[in-house]
Amino acid sequence: MHDMSAQVHAAQAPTSFIRKHVFSVDHKVIGKQYYGLALVAAIVGMFLSWVMRLHLGWTNLRIPGLHLLSNTGAPGDVMTPEYYLQLMTMHGTIMVFFVLTTAPFAAFGNFFLPIQVGAEDMPFPRFNMMSFWVTFVAFVVMVASFFVADGPTLGGWTQYAPLSAIGSASGPGQGQGVILWAASIAIFCVGQLLGSLNFITTTLDMRTTGMSLWRMPLTTWAWFITSIMGLTAFAVLMPACVLLILDHAAGTSFFVPSNLVINDQLQPHAGGSTLLWQHLFWFFGHPEVYIAIVPAMGIVSHILLATLRRPLLSHRVLVYSMGGIAVLSYMVYGHHMFVSGMNPISAIAFSFPTLIITIPATIIVLVWLGSLYGSRMRLNTPCLFSLGMISMFITGGVSGFFLAQPSLDIMLHATYFVVGHFHFVMAVSAMFGIFAGTYFWFPKMFGRMMNDTLGKIHFWLSFVGAYCIFMPFHYLGLASNVRRYQAFTDDYLQQLIPVHRFITVAAIATGVAQMIFVYNLIHSRFWGKPASDNPWEATSLEWSTASPPPFDNFGGKLPVVYHDPYQYGIEGSTGDYVMQADPRQVQSQGEEA
Amino acid sequence: MATTIHSPATQTIRNTSGPTTAGIGGWRNLLPAGGDLRAVQEYAPPPASTGVWVFVAGVCMTFAALTSALVVRKGGAPDWRHLALPYILYLNTLVLLASSVTLEISRRRVAALMAGPPAATANPARWLYATLLLGWLFLSGQYIAWRQLSAAGLYLASNPSSSFFYVFTAAHALHLLGGLYALTRVIRKLNRHVLSRATLDATAHYWHFMDALWIYLLVLLWMKL
């Protein structure tokens, strides 16, 4: 261990602009770079959702400027049906991969994991730098698919075979678009695997003196558990994407069955299994959604403790629950395939663990809610977003109960009910977790406070707006509104169009409200009130160093940890908390002589 | 048990709020009486050795996914024709096994070198070079196997079993190439006298894993399920 610290110490602080801000091995810079990538991706994804929603509400609407994005996809600024599917695919892909996997896990995790365990840096800094730039290249490849002749792929972020595997015969964007999609995702997997390698090794080997596993903050536990999931899940998606590319470009038949006729053309493939793609994809896909939410759970727990000023009902139960969710996540993936034609007995086999996985998730929510009692809540912006995340998670989780049952899923599969469910648990919950983390950790990352008033306005507009957008999705789904349709021409769907128009208006208004956040972010970065080392009076190790931390995190002297991570609610001379690195002892009431 | 209150140099903070002692959220801290931090276990393994097993776990998952794809594809359609493996593959296996042996020899030589004054033994770097050579020999043999298959008219898309053959051997070869890079790095560090045990051990573990993985793949491709 001393070997390693000597090696990291030997790395001098970089001086050139390129080494400091571009090709940096400093985990803090890499974390900020990931955050910037996620921010850009979120804006792109949000813009795509606006354009989609406009088309859904008003089918033949001319959207000014859309022809600039694609002349074939939007001739005369009116979106073609295929182009709707193409934009929908890119919206899902960019949001799930480049926002929800990147921001809560890679961005905040890279910045804060080493600091929270008391390390100077990750053990493989060059792999870390590579992981960001590989992810960046993956993003560029993905966005490049907008600009190829046929446009991006239209097969959904799930890219089901055989539609995705047979090439241009199945529609525009299915030629080069699919190759670029699969290549981008395969490259993304490599980046995430390198990142997971660093996270796991840092947590296991780089903890400072006194930092036992049970003294690690909940965010560290969340990132550790997520990185184990990432290691195993992304390692499965990568070969699946390679096999897809081979089916496409090399004429193999992994996923394409025999005698398939598409658009009057007999496909040259034979013998492949379309279900095989679904199994490989969802074996990755379900842990992926927990990769998106578990860091947000850790972040919300961490922030809640600092704002509630009392410990959680049980720290260990929260850790065990997150671990339980991670283990169970591999056993539930077939609930995405209830109506795929697989054996109904296996549907039961997947439904059972899906219902079981609600137990640790519920335990986590109940621990959060129970800890609100007796708290001295400091209702600042991070606290609001944390509470908002809990609300969104409950709402989204409850709809999951229904989808977990095959008998109900027969009606609800591929309807807006599913879309509402995953937008609540992923899009809104995880996003609120990202926002909470941003407002909470911005002072540490940049040395300045964000504007709390603007933050609260941002919260209320987003909270109300998100409910206005996604709550109606459940009603639409129950009314049998099918998803991935670009227009609603059937009689039973016509009467739902006013609901869609309401959602569109809410979506655009909520999207505009996010500009408050972007403005706050940029303005505070340069002109925000200077922050102290510990503006929230929090206890974990990141708050015992400067804001922002120096190059080697702790100014040459690694901290020694004396306390558990969440000693809040203790009376003392300096406040109601004891920091982890505080050498003073805590004497409990029951131990009075 | 208020045992430290009498020590005048230490400051204590009195906690008088809330009776909660559930789990680790309680008010007790883990600092042992007397303040001796050595009671908390300090040792952590070198990151390189943890890192290599993490990486190996990821590689296992990748090949597990490909294995399940093979099993499903084999059982899913009647067009599976078992591929007769080119004989050179068995020779390549022996070459790879030999490279593991030479790597182990060099590891012990390096350990002896690090432990005490240099004995009059052969330069351990020689055995590392031998491992490197055998590794490259293996890759050349794989390439020859590919050429033999294509000469027999069996290409990537010819039939499903040839597809999987190429995919598995290519994936293994790519990972082995990474192992060759790691070996080269070890040799360079040894020559500059900056090699650490952890780096050498990690590289050796990875190489042996590649060996074991190849044996597994050979059996998988050879088997008639």
# chains A, B, ... in the order shown; residues from 1 in each chain; ligands from 1
call {"tool": "residues_around", "arguments": {"residues": "Val419 (chain A)", "least_positions_apart": "4", "cutoff": "9 Å", "atoms": "only C-alpha atoms", "output": "list in words"}}
result
Ala414, Thr415, His423, Phe424, Phe470, Phe473, His474, Gly477 and Arg483 of chain A
call {"tool": "residues_around", "arguments": {"residues": "Pro287 (chain A)", "least_positions_apart": "3", "cutoff": "10 Å", "atoms": "only C-alpha atoms", "output": "PyMOL selection string"}}
result
chain A and resi 226+229-230+232-234+282-284+290-293+325-333
call {"tool": "residues_around", "arguments": {"residues": "region 520-532 of chain A", "least_positions_apart": "3", "cutoff": "8 Å", "atoms": "only C-alpha atoms", "output": "ChimeraX atom specification"}}
result
/A:443-444,446-451,454-455,516-517,535,546-547
call {"tool": "residues_around", "arguments": {"residues": "Thr67 (chain B)", "least_positions_apart": "3", "cutoff": "12 Å", "atoms": "only C-alpha atoms", "output": "number ranges by chain"}}
result
A: 236, 239-240, 276, 280; B: 60-64, 70-74, 164-165, 167-168, 213, 216-217, 219-221
call {"tool": "closest_residue", "arguments": {"among": "A:Ser462, A:Gln267, A:Thr574, A:Thr89", "to": "chain B", "atoms": "only C-alpha atoms"}}
result
A:Thr574
call {"tool": "atom_distance", "arguments": {"atom1": "CA of Val101 (chain B)", "atom2": "CA of Thr184 (chain B)"}}
result
17.2 Å
call {"tool": "select_by_dssp", "arguments": {"residues": "region 409-513 of chain A", "states": "alpha helix (DSSP H)", "output": "PyMOL selection string"}}
result
chain A and resi 409-412+416-422+431-446+452-478+491-494+497-513
call {"tool": "decode", "arguments": {"residues": "region 77-109 of chain B", "atoms": "N, CA and C atoms", "output": "compact mmCIF listing (two decimals), in the first residue's frame"}}
result
# COMPACT_ATOMS: atom_id res chain seq x y z
N ALA B 77 -31.29 -24.59 -34.26
CA ALA B 77 -31.59 -24.82 -35.68
C ALA B 77 -30.87 -26.08 -36.13
N PRO B 78 -31.35 -26.75 -37.16
CA PRO B 78 -30.75 -28.02 -37.57
C PRO B 78 -29.53 -27.88 -38.47
N ASP B 79 -29.05 -26.63 -38.66
CA ASP B 79 -27.98 -26.46 -39.64
C ASP B 79 -26.58 -26.50 -39.03
N TRP B 80 -26.46 -27.03 -37.81
CA TRP B 80 -25.14 -27.07 -37.18
C TRP B 80 -24.32 -28.23 -37.73
N ARG B 81 -23.16 -27.90 -38.30
CA ARG B 81 -22.24 -28.95 -38.78
C ARG B 81 -20.99 -28.86 -37.92
N HIS B 82 -20.68 -29.94 -37.24
CA HIS B 82 -19.52 -29.89 -36.35
C HIS B 82 -18.25 -29.63 -37.12
N LEU B 83 -17.45 -28.72 -36.60
CA LEU B 83 -16.21 -28.33 -37.29
C LEU B 83 -15.07 -29.21 -36.82
N ALA B 84 -14.38 -29.85 -37.78
CA ALA B 84 -13.19 -30.63 -37.40
C ALA B 84 -12.05 -29.64 -37.19
N LEU B 85 -11.51 -29.62 -35.98
CA LEU B 85 -10.48 -28.63 -35.67
C LEU B 85 -9.19 -28.94 -36.41
N PRO B 86 -8.56 -27.93 -36.99
CA PRO B 86 -7.24 -28.15 -37.62
C PRO B 86 -6.24 -28.65 -36.58
N TYR B 87 -5.38 -29.58 -37.02
CA TYR B 87 -4.47 -30.21 -36.05
C TYR B 87 -3.49 -29.25 -35.44
N ILE B 88 -3.21 -28.14 -36.16
CA ILE B 88 -2.23 -27.20 -35.63
C ILE B 88 -2.69 -26.59 -34.31
N LEU B 89 -4.00 -26.63 -34.09
CA LEU B 89 -4.49 -26.06 -32.83
C LEU B 89 -3.94 -26.81 -31.63
N TYR B 90 -3.76 -28.13 -31.78
CA TYR B 90 -3.23 -28.90 -30.66
C TYR B 90 -1.78 -28.55 -30.41
N LEU B 91 -1.04 -28.31 -31.50
CA LEU B 91 0.34 -27.87 -31.36
C LEU B 91 0.39 -26.50 -30.68
N ASN B 92 -0.52 -25.62 -31.11
CA ASN B 92 -0.59 -24.29 -30.49
C ASN B 92 -0.85 -24.39 -29.00
N THR B 93 -1.69 -25.35 -28.62
CA THR B 93 -1.99 -25.53 -27.20
C THR B 93 -0.73 -25.87 -26.43
N LEU B 94 0.07 -26.80 -27.00
CA LEU B 94 1.32 -27.16 -26.33
C LEU B 94 2.24 -25.96 -26.22
N VAL B 95 2.28 -25.16 -27.28
CA VAL B 95 3.12 -23.95 -27.26
C VAL B 95 2.69 -23.03 -26.13
N LEU B 96 1.37 -22.85 -26.00
CA LEU B 96 0.87 -21.93 -24.96
C LEU B 96 1.16 -22.48 -23.56
N LEU B 97 0.99 -23.78 -23.41
CA LEU B 97 1.30 -24.40 -22.11
C LEU B 97 2.79 -24.21 -21.79
N ALA B 98 3.63 -24.41 -22.81
CA ALA B 98 5.06 -24.22 -22.60
C ALA B 98 5.36 -22.78 -22.18
N SER B 99 4.63 -21.84 -22.76
CA SER B 99 4.87 -20.44 -22.40
C SER B 99 4.50 -20.20 -20.95
N SER B 100 3.47 -20.86 -20.44
CA SER B 100 3.14 -20.73 -19.02
C SER B 100 4.26 -21.27 -18.16
N VAL B 101 4.85 -22.39 -18.61
CA VAL B 101 5.96 -22.98 -17.84
C VAL B 101 7.14 -22.02 -17.80
N THR B 102 7.51 -21.48 -18.97
CA THR B 102 8.65 -20.56 -18.99
C THR B 102 8.35 -19.32 -18.15
N LEU B 103 7.11 -18.88 -18.15
CA LEU B 103 6.75 -17.70 -17.35
C LEU B 103 6.92 -18.01 -15.86
N GLU B 104 6.50 -19.19 -15.45
CA GLU B 104 6.67 -19.56 -14.04
C GLU B 104 8.14 -19.65 -13.66
N ILE B 105 8.95 -20.22 -14.57
CA ILE B 105 10.39 -20.30 -14.29
C ILE B 105 10.96 -18.90 -14.10
N SER B 106 10.60 -18.00 -15.00
CA SER B 106 11.15 -16.65 -14.90
C SER B 106 10.65 -15.97 -13.63
N ARG B 107 9.41 -16.26 -13.24
CA ARG B 107 8.87 -15.63 -12.03
C ARG B 107 9.67 -16.04 -10.81
N ARG B 108 9.99 -17.36 -10.73
CA ARG B 108 10.77 -17.82 -9.59
C ARG B 108 12.18 -17.23 -9.61
N ARG B 109 12.76 -17.09 -10.81
CA ARG B 109 14.09 -16.51 -10.91
C ARG B 109 14.07 -15.06 -10.45
